[in-house]
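Student: Just so it is clear, I am handing over upload-v9.csv, which has CSV, C-alpha atoms.
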chain,number,residue,atom,x,y,z
L,41,MET,CA,0.0,0.0,0.0
L,42,THR,CA,1.4,3.4,-1.0
L,43,ARG,CA,1.7,5.9,1.7
L,44,GLN,CA,0.0,9.2,0.8
L,45,ALA,CA,2.0,12.4,0.7
L,46,GLY,CA,1.4,14.8,3.6
L,47,ALA,CA,2.7,18.1,4.8
L,48,GLY,CA,6.3,18.3,6.1
L,49,ARG,CA,7.4,20.2,9.2
L,50,ALA,CA,8.3,23.2,7.0
L,51,GLY,CA,4.7,23.5,5.8
L,52,LEU,CA,5.3,22.1,2.3
L,53,PRO,CA,4.1,18.8,0.8
L,54,THR,CA,6.5,15.9,1.2
L,55,THR,CA,7.2,13.6,-1.8
L,56,ARG,CA,8.6,10.5,0.0
L,57,ARG,CA,7.1,7.1,-0.9
L,58,VAL,CA,4.6,8.4,-3.4
L,59,PRO,CA,4.0,7.1,-7.0
L,60,ARG,CA,6.6,8.5,-9.4
L,61,ARG,CA,3.9,10.0,-11.6
L,62,VAL,CA,2.6,12.0,-8.7
L,63,LYS,CA,5.9,13.6,-7.7
L,64,PRO,CA,6.0,16.3,-10.4
L,65,VAL,CA,2.5,17.4,-9.3
L,66,LEU,CA,3.6,17.6,-5.7
L,67,LEU,CA,6.8,19.4,-6.5
L,68,ALA,CA,4.9,22.0,-8.5
L,69,ALA,CA,2.5,22.4,-5.6
L,70,SER,CA,5.4,22.7,-3.2
L,71,ARG,CA,7.0,25.4,-5.3
L,72,THR,CA,3.7,27.4,-5.5
L,73,LEU,CA,3.1,27.2,-1.8
L,74,GLY,CA,6.8,28.1,-1.1
L,75,ARG,CA,6.6,31.2,-3.2
L,76,ALA,CA,3.2,32.2,-1.6
L,77,THR,CA,4.7,31.9,1.9
L,78,SER,CA,8.3,33.1,1.1
L,79,HIS,CA,7.8,36.3,3.2
L,80,ALA,CA,7.4,34.0,6.2
L,81,ARG,CA,10.5,31.9,5.6
L,82,VAL,CA,14.0,32.1,6.8
L,83,LEU,CA,17.1,32.8,4.8
L,84,PRO,CA,20.5,31.0,5.3
L,85,GLY,CA,22.9,31.9,8.0
L,86,PHE,CA,25.7,30.1,6.2
L,87,LEU,CA,26.4,28.3,2.9
L,88,VAL,CA,28.6,25.4,1.9
L,89,VAL,CA,30.0,27.0,-1.3
L,90,GLY,CA,32.5,24.4,-2.6
L,91,ALA,CA,34.6,22.9,-3.8
L,92,GLN,CA,32.8,20.3,-5.9
L,93,ARG,CA,33.8,16.7,-5.2
L,94,CYS,CA,35.5,17.7,-2.0
L,95,GLY,CA,33.1,16.2,0.6
L,96,THR,CA,30.4,18.8,0.4
L,97,THR,CA,27.6,16.3,0.5
L,98,SER,CA,29.1,14.5,3.5
L,99,MET,CA,29.5,17.8,5.3
L,100,TYR,CA,26.0,18.8,4.4
L,101,ARG,CA,24.5,15.6,5.8
L,102,THR,CA,26.6,15.8,8.9
L,103,LEU,CA,25.5,19.4,9.6
L,104,ALA,CA,21.9,18.5,8.9
L,105,GLN,CA,21.9,16.2,11.9
L,106,HIS,CA,22.6,19.1,14.3
L,107,PRO,CA,19.4,20.0,16.1
L,108,ALA,CA,19.9,23.7,15.5
L,109,THR,CA,20.4,23.7,11.7
L,110,LEU,CA,17.7,24.0,9.1
L,111,LYS,CA,18.3,22.5,5.7
L,112,PRO,CA,16.4,23.3,2.5
L,113,VAL,CA,13.0,21.7,2.3
L,114,ARG,CA,13.5,20.1,-1.1
L,115,GLN,CA,17.1,19.5,-2.0
L,116,LYS,CA,20.7,20.0,-0.8
L,117,GLY,CA,21.7,22.6,-3.3
L,118,VAL,CA,19.4,25.4,-4.4
L,119,HIS,CA,21.7,26.8,-7.1
L,120,TYR,CA,20.2,30.3,-6.8
L,121,PHE,CA,23.3,32.5,-6.8
L,122,ASP,CA,24.9,30.7,-9.8
L,123,THR,CA,22.3,29.5,-12.3
L,124,GLY,CA,18.9,30.6,-10.8
L,125,TYR,CA,19.5,34.2,-9.8
L,126,ASP,CA,17.0,35.5,-12.4
L,127,LYS,CA,14.2,33.8,-10.4
L,128,GLY,CA,14.4,36.3,-7.6
L,129,LEU,CA,14.9,36.3,-3.8
L,130,SER,CA,11.3,35.2,-3.1
L,131,TRP,CA,12.0,32.1,-5.1
L,132,TYR,CA,15.1,31.4,-3.1
L,133,ARG,CA,13.4,32.0,0.2
L,134,ALA,CA,10.7,29.5,-0.8
L,135,HIS,CA,13.3,26.7,-0.5
L,136,PHE,CA,13.8,27.2,3.3
L,137,PRO,CA,11.7,26.4,6.4
L,138,LEU,CA,9.1,28.7,7.8
L,139,GLN,CA,10.0,31.2,10.5
L,140,ARG,CA,7.6,29.4,12.9
L,141,THR,CA,9.6,26.3,12.4
L,142,ALA,CA,12.8,28.2,13.3
L,143,LEU,CA,11.1,29.5,16.4
L,144,ALA,CA,10.0,26.0,17.4
L,145,VAL,CA,13.6,24.8,17.0
L,146,GLU,CA,14.8,27.7,19.1
L,147,ARG,CA,12.3,26.9,21.9
L,148,ARG,CA,13.3,23.2,21.8
L,149,THR,CA,17.0,23.6,21.8
L,150,GLY,CA,17.6,27.0,23.3
L,151,VAL,CA,19.8,27.9,20.3
L,152,ARG,CA,18.9,30.2,17.5
L,153,PRO,CA,19.0,27.9,14.5
L,154,LEU,CA,20.9,28.5,11.2
L,155,ALA,CA,19.4,27.6,7.9
L,156,PHE,CA,21.9,26.6,5.2
L,157,GLU,CA,22.3,24.9,1.8
L,158,SER,CA,25.2,23.5,-0.2
L,159,SER,CA,25.8,24.4,-3.8
L,160,PRO,CA,29.4,23.7,-4.7
L,161,TYR,CA,29.3,25.7,-7.9
L,162,TYR,CA,29.0,29.0,-5.9
L,163,MET,CA,32.7,29.3,-5.2
L,164,PHE,CA,33.6,28.9,-8.8
L,165,HIS,CA,30.9,30.8,-10.6
L,166,PRO,CA,32.0,34.3,-11.7
L,167,TRP,CA,28.9,36.1,-10.4
L,168,ALA,CA,27.9,34.0,-7.4
L,169,PRO,CA,30.2,35.5,-4.7
L,170,GLN,CA,29.1,39.1,-5.6
L,171,ARG,CA,25.5,38.1,-5.5
L,172,ILE,CA,25.8,36.4,-2.2
L,173,GLN,CA,27.5,39.4,-0.7
L,174,ALA,CA,24.8,41.7,-2.1
L,175,ASP,CA,21.9,39.7,-0.8
L,176,LEU,CA,23.2,38.2,2.4
L,177,PRO,CA,26.2,40.3,3.4
L,178,GLN,CA,26.5,38.8,6.9
L,179,LEU,CA,26.7,35.3,5.7
L,180,ARG,CA,29.4,32.8,6.7
L,181,LEU,CA,30.9,30.6,4.1
L,182,LEU,CA,32.1,27.0,4.5
L,183,VAL,CA,34.7,25.6,2.0
L,184,LEU,CA,36.0,22.1,1.6
L,185,LEU,CA,39.2,21.3,-0.3
L,186,ARG,CA,41.0,18.1,-1.3
L,187,ASP,CA,43.9,17.1,-3.4
L,188,PRO,CA,43.2,18.9,-6.6
L,189,VAL,CA,44.5,16.0,-8.7
L,190,GLU,CA,42.0,13.6,-7.0
L,191,ARG,CA,39.3,16.3,-7.2
L,192,ALA,CA,39.8,16.6,-11.0
L,193,TYR,CA,39.7,12.8,-11.5
L,194,SER,CA,36.7,12.4,-9.2
L,195,ALA,CA,34.9,15.2,-11.0
L,196,HIS,CA,35.4,13.6,-14.3
L,197,ALA,CA,34.0,10.3,-13.1
L,198,HIS,CA,31.0,12.2,-11.7
L,199,GLU,CA,30.3,14.1,-14.8
L,200,LEU,CA,30.8,11.0,-17.0
L,201,ALA,CA,28.2,9.1,-14.9
L,202,ARG,CA,25.7,11.9,-15.1
L,203,GLY,CA,26.1,12.1,-18.9
L,204,TYR,CA,27.7,15.6,-18.9
L,205,GLU,CA,31.0,14.2,-20.1
L,206,THR,CA,31.7,11.9,-23.0
L,207,GLU,CA,35.5,11.9,-23.2
L,208,PRO,CA,38.0,9.8,-21.2
L,209,PHE,CA,39.9,11.7,-18.6
L,210,GLU,CA,43.2,12.5,-20.4
L,211,ALA,CA,41.2,13.6,-23.5
L,212,ALA,CA,39.0,15.8,-21.3
L,213,LEU,CA,42.1,17.5,-19.8
L,214,GLU,CA,43.4,18.2,-23.3
L,215,LEU,CA,40.1,19.7,-24.3
L,216,GLU,CA,39.6,21.8,-21.2
L,217,PRO,CA,41.3,25.0,-22.5
L,218,GLN,CA,39.4,24.9,-25.7
L,219,ARG,CA,36.1,24.1,-24.0
L,220,LEU,CA,36.5,27.0,-21.5
L,221,ARG,CA,37.9,29.6,-23.8
L,222,GLY,CA,35.9,32.8,-23.5
L,223,GLU,CA,33.3,31.2,-21.2
L,224,VAL,CA,34.0,33.3,-18.2
L,225,GLU,CA,33.8,36.4,-20.3
L,226,ARG,CA,30.4,35.3,-21.7
L,227,ILE,CA,29.1,34.7,-18.2
L,228,LEU,CA,30.3,38.1,-17.0
L,229,ALA,CA,28.8,39.8,-20.1
L,230,ASP,CA,25.5,38.1,-19.8
L,231,PRO,CA,24.5,37.2,-16.2
L,232,GLY,CA,21.8,34.8,-17.4
L,233,TYR,CA,24.2,32.8,-19.6
L,234,ARG,CA,24.7,29.2,-18.5
L,235,SER,CA,27.9,27.5,-19.6
L,236,HIS,CA,27.8,23.8,-19.7
L,237,ALA,CA,31.6,23.6,-20.0
L,238,HIS,CA,32.3,26.0,-17.2
L,239,GLN,CA,30.0,24.1,-14.8
L,240,HIS,CA,30.7,20.5,-15.8
L,241,ASN,CA,34.1,20.3,-17.5
L,242,ALA,CA,36.5,22.6,-15.6
L,243,TYR,CA,38.5,19.8,-14.1
L,244,VAL,CA,41.8,21.6,-13.7
L,245,LEU,CA,40.6,25.2,-13.3
L,246,ARG,CA,38.3,24.3,-10.3
L,247,GLY,CA,41.3,22.9,-8.5
L,248,GLN,CA,43.2,26.2,-8.5
L,249,TYR,CA,41.6,26.9,-5.2
L,250,ILE,CA,43.5,30.0,-4.3
L,251,GLU,CA,42.2,31.9,-7.3
L,252,GLN,CA,38.7,31.4,-5.9
L,253,LEU,CA,39.4,31.9,-2.2
L,254,GLU,CA,41.2,35.3,-2.6
L,255,PRO,CA,38.3,37.0,-4.2
L,256,LEU,CA,35.9,35.5,-1.6
L,257,ALA,CA,38.0,36.9,1.2
L,258,GLY,CA,38.1,40.3,-0.6
L,259,LEU,CA,34.3,40.4,-0.5
L,260,PHE,CA,33.5,38.7,2.8
L,261,GLY,CA,36.7,39.0,4.9
L,262,ARG,CA,38.9,36.1,5.8
L,263,GLU,CA,37.2,35.7,9.2
L,264,ARG,CA,33.9,34.8,7.6
L,265,ILE,CA,35.4,31.9,5.6
L,266,HIS,CA,36.2,28.5,7.2
L,267,VAL,CA,38.2,26.0,5.1
L,268,VAL,CA,38.0,22.3,5.9
L,269,ASP,CA,40.6,19.9,4.5
L,270,SER,CA,38.6,16.9,3.3
L,271,HIS,CA,41.4,14.6,4.4
L,272,ASP,CA,40.8,15.8,8.0
L,273,LEU,CA,37.0,15.4,7.6
L,274,PHE,CA,37.3,11.8,6.6
L,275,THR,CA,40.2,10.7,8.9
L,276,ALA,CA,39.4,12.8,12.0
L,277,PRO,CA,35.8,13.8,11.5
L,278,GLU,CA,35.1,14.7,15.2
L,279,GLY,CA,37.8,17.4,15.2
L,280,ALA,CA,36.9,18.8,11.7
L,281,TYR,CA,33.2,19.0,12.7
L,282,ALA,CA,34.0,20.6,16.1
L,283,GLY,CA,35.9,23.3,14.2
L,284,VAL,CA,32.9,24.0,11.9
L,285,LEU,CA,30.6,24.3,14.9
L,286,GLU,CA,32.9,26.8,16.5
L,287,PHE,CA,33.1,28.8,13.3
L,288,LEU,CA,29.3,28.8,13.1
L,289,ASP,CA,28.8,29.6,16.9
L,290,LEU,CA,26.8,26.4,17.3
L,291,PRO,CA,27.2,24.4,20.5
L,292,PRO,CA,27.9,20.6,20.2
L,293,MET,CA,24.5,18.9,20.4
L,294,GLY,CA,23.7,15.2,19.7
L,295,GLU,CA,26.0,12.6,18.3
L,296,PRO,CA,26.2,12.9,14.5
L,297,VAL,CA,27.0,10.0,12.3
L,298,PHE,CA,29.9,10.7,10.1
L,299,GLU,CA,29.6,9.0,6.7
L,300,ARG,CA,31.2,9.4,3.3
L,301,HIS,CA,28.7,10.1,0.5
L,302,ASN,CA,28.8,10.2,-3.3
L,303,ALA,CA,32.2,8.4,-3.6
L,304,ARG,CA,32.5,6.8,-7.1
L,305,PRO,CA,34.7,3.8,-7.8
L,306,ARG,CA,37.3,4.4,-10.5
L,307,SER,CA,40.5,2.9,-11.8
L,308,ALA,CA,43.9,4.1,-10.6
L,309,LEU,CA,45.1,7.3,-12.3
L,310,ALA,CA,48.1,6.8,-14.5
L,311,GLY,CA,51.3,8.0,-12.8
L,312,SER,CA,52.4,10.2,-15.7
L,313,VAL,CA,49.1,12.0,-15.6
L,314,ARG,CA,49.2,12.5,-11.9
L,315,ALA,CA,52.8,13.8,-12.0
L,316,ARG,CA,51.8,16.3,-14.7
L,317,LEU,CA,48.8,17.6,-12.8
L,318,GLU,CA,50.8,17.8,-9.5
L,319,GLU,CA,53.4,19.9,-11.2
L,320,HIS,CA,50.6,22.2,-12.6
L,321,PHE,CA,48.9,22.6,-9.2
L,322,ARG,CA,52.2,23.2,-7.2
L,323,PRO,CA,52.3,27.0,-7.5
L,324,TYR,CA,48.6,27.3,-6.7
L,325,ASP,CA,49.1,24.9,-3.7
L,326,ASP,CA,52.0,27.0,-2.5
L,327,ARG,CA,49.9,30.2,-2.5
L,328,LEU,CA,47.1,28.3,-0.8
L,329,ALA,CA,49.4,27.2,2.0
L,330,THR,CA,50.4,30.8,2.6
L,331,TRP,CA,46.8,31.9,2.6
L,332,LEU,CA,45.7,29.1,5.0
L,333,ASP,CA,48.9,29.5,7.1
L,334,ARG,CA,49.2,25.7,6.9
L,335,VAL,CA,50.3,23.1,4.4
L,336,PRO,CA,47.3,21.3,2.9
L,337,SER,CA,47.2,17.5,3.5
L,338,TRP,CA,48.1,16.5,0.0
L,339,ARG,CA,51.4,18.4,0.2
L,340,ARG,CA,52.5,17.2,3.6
Using structure tokens, write down the structure that the file contains.
Tutor:
Amino acid sequence: MTRQAGAGRAGLPTTRRVPRRVKPVLLAASRTLGRATSHARVLPGFLVVGAQRCGTTSMYRTLAQHPATLKPVRQKGVHYFDTGYDKGLSWYRAHFPLQRTALAVERRTGVRPLAFESSPYYMFHPWAPQRIQADLPQLRLLVLLRDPVERAYSAHAHELARGYETEPFEAALELEPQRLRGEVERILADPGYRSHAHQHNAYVLRGQYIEQLEPLAGLFGRERIHVVDSHDLFTAPEGAYAGVLEFLDLPPMGEPVFERHNARPRSALAGSVRARLEEHFRPYDDRLATWLDRVPSWRR
């Protein structure tokens, strides 16, 4: 017997365990209700902005277990500040819980809750940081980083599985400069322009982390950005998580389950390709180490 959809705690219809043909109808109703009640909904207190394939889903699901956080009502990443900005702030607010839900959480926990979402394209998109700063100037930003060589290889496997990539890894690396040529300029010239190559095929460019972090710090201030090394998240999760809670001014509450999500099996990377990528990323990693005031795990 199929369980009927009801209303979730955020005041929107749920779509769990309903017939597949019914879900589009429920999602449409959810969006309509969300827009109609957007004025009564909370906005995020922090964002997980990247980097892609660096443990953002694992961090999101860990933080979602905290009794004083409020995740989006429909999906992990809203993608408002990158590809959905033309839809307006009321559309964005529609994705978050009602203010009455936040008040109920505060009464129950004694802590003012923080809403959040995780869209790892935000850190890389040319317009997203400025848009975030304009709309939510007091926001705090959470960034996860990993070995950029592993990130590139993982991203390729991810995009291949999703159908956004058709070339093998080495060929995709060779094609990247051609694919991305002029794409940043097109995005900047036309804020509504969506670049498939920039979003899905920037395997090397996304791993030049310092070139993304420095502009973020220029907009938000270094003190409002917290960087987690994914190696630390997966080898010593308690300490990494405690550091995030301290950054967010959230007290430790409950006992979160630390799990790794979205890992994809793949063959070993050829040594020659790894060596070439490591050499490419070395100057960016050196600048990153200076910016972080610590050597990242993959260079220790």
Student: Select, from L:Phe164, L:Phe136, L:Phe274, L:Phe287, the residue with the minimum atom-to-atom distance to Thr123 in chain L, counting only C-alpha atoms.
Tutor: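 Looking at the shortest contact to Thr123 in chain L, the residue is L:Phe164.
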Student: So that I can see what lies close to Gln105 in chain L, please list as a short mmCIF file (atom, residue, chain, number, x, y, z; two decimals) with C-alpha atoms, in the coordinates of the input the residues with an atom at most 9 Å from it, counting only C-alpha atoms and leaving out residues fewer than 5 positions away in the same chain.
Tutor:
data_model
loop_
_atom_site.label_atom_id
_atom_site.label_comp_id
_atom_site.auth_asym_id
_atom_site.auth_seq_id
_atom_site.Cartn_x
_atom_site.Cartn_y
_atom_site.Cartn_z
CA TYR L 100 26.00 18.80 4.40
CA GLY L 294 23.70 15.20 19.70
CA GLU L 295 26.00 12.60 18.30
CA PRO L 296 26.20 12.90 14.50
CA VAL L 297 27.00 10.00 12.30
#
Student: Report, in Å with one decimal, the straight-line distance from CA of Gly95 in chain L to CA of Ser159 in chain L.
Tutor: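 The value is 11.8 Å.
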Student: Please identify all polymer residues within 9 Å of Val244 in chain L, counting only C-alpha atoms, omitting same-chain residues fewer than 5 positions from it, and present them as an MDAnalysis selection string.
Tutor: chainID L and resid 188:189 191:192 213 216 317 320:321
Student: If we count only C-alpha atoms, what is near Leu215 in chain L at a cut-off of 12 Å, once residues fewer than 2 positions away on the same chain are taken out, given as a list in words?
Tutor: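 Those residues are Glu205, Thr206, Glu207, Pro208, Phe209, Glu210, Ala211, Ala212, Leu213, Pro217, Gln218, Arg219, Leu220, Arg221, Ala237, Asn241, Ala242, Tyr243 and Val244 of chain L.
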Student: Let's have the selection written as a JSON list (two decimals), keeping the file's coordinate frame, with C-alpha atoms.
Tutor:
[["chain", "number", "residue", "atom", "x", "y", "z"],
["L", 205, "GLU", "CA", 31.00, 14.20, -20.10],
["L", 206, "THR", "CA", 31.70, 11.90, -23.00],
["L", 207, "GLU", "CA", 35.50, 11.90, -23.20],
["L", 208, "PRO", "CA", 38.00, 9.80, -21.20],
["L", 209, "PHE", "CA", 39.90, 11.70, -18.60],
["L", 210, "GLU", "CA", 43.20, 12.50, -20.40],
["L", 211, "ALA", "CA", 41.20, 13.60, -23.50],
["L", 212, "ALA", "CA", 39.00, 15.80, -21.30],
["L", 213, "LEU", "CA", 42.10, 17.50, -19.80],
["L", 217, "PRO", "CA", 41.30, 25.00, -22.50],
["L", 218, "GLN", "CA", 39.40, 24.90, -25.70],
["L", 219, "ARG", "CA", 36.10, 24.10, -24.00],
["L", 220, "LEU", "CA", 36.50, 27.00, -21.50],
["L", 221, "ARG", "CA", 37.90, 29.60, -23.80],
["L", 237, "ALA", "CA", 31.60, 23.60, -20.00],
["L", 241, "ASN", "CA", 34.10, 20.30, -17.50],
["L", 242, "ALA", "CA", 36.50, 22.60, -15.60],
["L", 243, "TYR", "CA", 38.50, 19.80, -14.10],
["L", 244, "VAL", "CA", 41.80, 21.60, -13.70]]
Student: Would you mind telling me which residue in L:Ala168, L:Glu190, L:Pro153, L:Glu146 lies nearest to Val313 in chain L when using all atoms listed in the file?
Tutor: L:Glu190
Student: Quick one: distance from CA of Tyr233 in chain L to CA of Met163 in chain L in Å, one decimal?
Tutor: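 These atoms are spaced 17.1 Å apart.
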Student: Could you tell me which of L:His196, L:Arg327, L:His301, L:His165 comes closest to Asp122 in chain L if we count only C-alpha atoms?
Tutor: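 Closest residue, counting only C-alpha atoms: L:His165.
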Student: Rounded to one decimal, what separation in Å do you get between CA of Arg322 in chain L and CA of Ala197 in chain L?
Tutor: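 These two atoms are separated by 23.1 Å.
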Student: Excluding Thr275 in chain L and its own-chain neighbours fewer than 5 positions away, which residues fall within 12 Å of it when counting only C-alpha atoms? Please give them as an MDAnalysis selection string.
Tutor: chainID L and resid 269:270 280:281 298:300 337
Student: Grab the residues selected above and save them as a PDB file, keeping the file's coordinate frame with C-alpha atoms.
Tutor:
ATOM      1  CA  ASP L 269      40.600  19.900   4.500  1.00  0.00           C
ATOM      2  CA  SER L 270      38.600  16.900   3.300  1.00  0.00           C
ATOM      3  CA  ALA L 280      36.900  18.800  11.700  1.00  0.00           C
ATOM      4  CA  TYR L 281      33.200  19.000  12.700  1.00  0.00           C
ATOM      5  CA  PHE L 298      29.900  10.700  10.100  1.00  0.00           C
ATOM      6  CA  GLU L 299      29.600   9.000   6.700  1.00  0.00           C
ATOM      7  CA  ARG L 300      31.200   9.400   3.300  1.00  0.00           C
ATOM      8  CA  SER L 337      47.200  17.500   3.500  1.00  0.00           C
TER       9      SER L 337
END
Student: Considering only C-alpha atoms, state which residue in the set L:Arg339, L:Phe86, L:Ala91, L:Arg140 is at the smallest distance from Leu245 in chain L.
Tutor: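 Closest to Leu245 in chain L of all the choices is L:Ala91.
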Student: Smallest atom-to-atom distance to Leu110 in chain L: which of L:Pro291, L:Gly283, L:Pro84, L:Pro255, using all atoms listed in the file?
Tutor: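 Of the candidates, the smallest distance to Leu110 in chain L is held by L:Pro84.
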Student: Dig up all the protein and nucleic acid residues within 10 Å of (34.0, 23.0, 11.1) in the file frame, using only C-alpha atoms, and format them as a ChimeraX atom specification.
Tutor: /L:99,103,182-184,266-269,273,277-288
Student: Write out as a list in words each polymer residue whose atoms come within 12 Å of Arg340 in chain L, counting all atoms listed in the file; drop sequence neighbours fewer than 4 positions from it.
Tutor: Asp187, His271, Asp325, Asp326, Ala329, Arg334, Val335 and Pro336 of chain L
Student: Output requested as a CSV table (one decimal), in the frame of the given file - range 169-177 of chain L, filled out with all heavy atoms.
Tutor:
chain,number,residue,atom,x,y,z
L,169,PRO,N,29.8,34.9,-5.9
L,169,PRO,CA,30.2,35.5,-4.7
L,169,PRO,C,29.6,36.9,-4.6
L,169,PRO,O,29.2,37.3,-3.4
L,169,PRO,CB,31.7,35.5,-4.8
L,169,PRO,CG,32.0,34.3,-5.7
L,169,PRO,CD,30.9,34.3,-6.7
L,170,GLN,N,29.6,37.7,-5.6
L,170,GLN,CA,29.1,39.1,-5.6
L,170,GLN,C,27.6,39.1,-5.2
L,170,GLN,O,27.1,39.9,-4.5
L,170,GLN,CB,29.3,39.8,-6.9
L,170,GLN,CG,30.8,40.0,-7.3
L,170,GLN,CD,31.0,40.5,-8.6
L,170,GLN,OE1,30.4,41.6,-9.0
L,170,GLN,NE2,31.8,39.9,-9.5
L,171,ARG,N,26.9,38.1,-5.8
L,171,ARG,CA,25.5,38.1,-5.5
L,171,ARG,C,25.2,37.7,-4.1
L,171,ARG,O,24.3,38.2,-3.5
L,171,ARG,CB,24.8,37.0,-6.5
L,171,ARG,CG,24.8,37.4,-7.9
L,171,ARG,CD,24.5,36.3,-8.9
L,171,ARG,NE,24.4,36.7,-10.2
L,171,ARG,CZ,24.2,35.9,-11.3
L,171,ARG,NH1,24.3,34.5,-11.0
L,171,ARG,NH2,24.1,36.3,-12.5
L,172,ILE,N,25.9,36.8,-3.6
L,172,ILE,CA,25.8,36.4,-2.2
L,172,ILE,C,26.1,37.6,-1.3
L,172,ILE,O,25.3,37.9,-0.3
L,172,ILE,CB,26.7,35.2,-1.8
L,172,ILE,CG1,26.4,33.9,-2.6
L,172,ILE,CG2,26.7,34.9,-0.3
L,172,ILE,CD1,27.4,32.8,-2.5
L,173,GLN,N,27.1,38.3,-1.5
L,173,GLN,CA,27.5,39.4,-0.7
L,173,GLN,C,26.5,40.5,-0.8
L,173,GLN,O,26.2,41.2,0.2
L,173,GLN,CB,28.9,39.9,-1.2
L,173,GLN,CG,29.6,40.7,-0.1
L,173,GLN,CD,29.2,42.2,-0.1
L,173,GLN,OE1,28.7,42.7,-1.0
L,173,GLN,NE2,29.3,42.8,1.1
L,174,ALA,N,25.9,40.7,-2.0
L,174,ALA,CA,24.8,41.7,-2.1
L,174,ALA,C,23.6,41.4,-1.4
L,174,ALA,O,22.9,42.3,-0.7
L,174,ALA,CB,24.5,42.0,-3.6
L,175,ASP,N,23.1,40.1,-1.4
L,175,ASP,CA,21.9,39.7,-0.8
L,175,ASP,C,22.0,39.3,0.6
L,175,ASP,O,21.0,39.5,1.4
L,175,ASP,CB,21.2,38.6,-1.6
L,175,ASP,CG,20.7,39.0,-3.0
L,175,ASP,OD1,20.7,40.3,-3.2
L,175,ASP,OD2,20.4,38.2,-3.8
L,176,LEU,N,23.1,38.7,1.0
L,176,LEU,CA,23.2,38.2,2.4
L,176,LEU,C,24.6,38.6,2.9
L,176,LEU,O,25.5,37.7,3.1
L,176,LEU,CB,23.1,36.6,2.3
L,176,LEU,CG,21.8,36.1,1.8
L,176,LEU,CD1,21.8,34.6,1.7
L,176,LEU,CD2,20.6,36.5,2.7
L,177,PRO,N,24.8,39.8,3.2
L,177,PRO,CA,26.2,40.3,3.4
L,177,PRO,C,26.8,39.8,4.7
L,177,PRO,O,28.0,39.9,4.9
L,177,PRO,CB,26.0,41.9,3.5
L,177,PRO,CG,24.5,42.1,3.8
L,177,PRO,CD,23.8,40.9,3.1
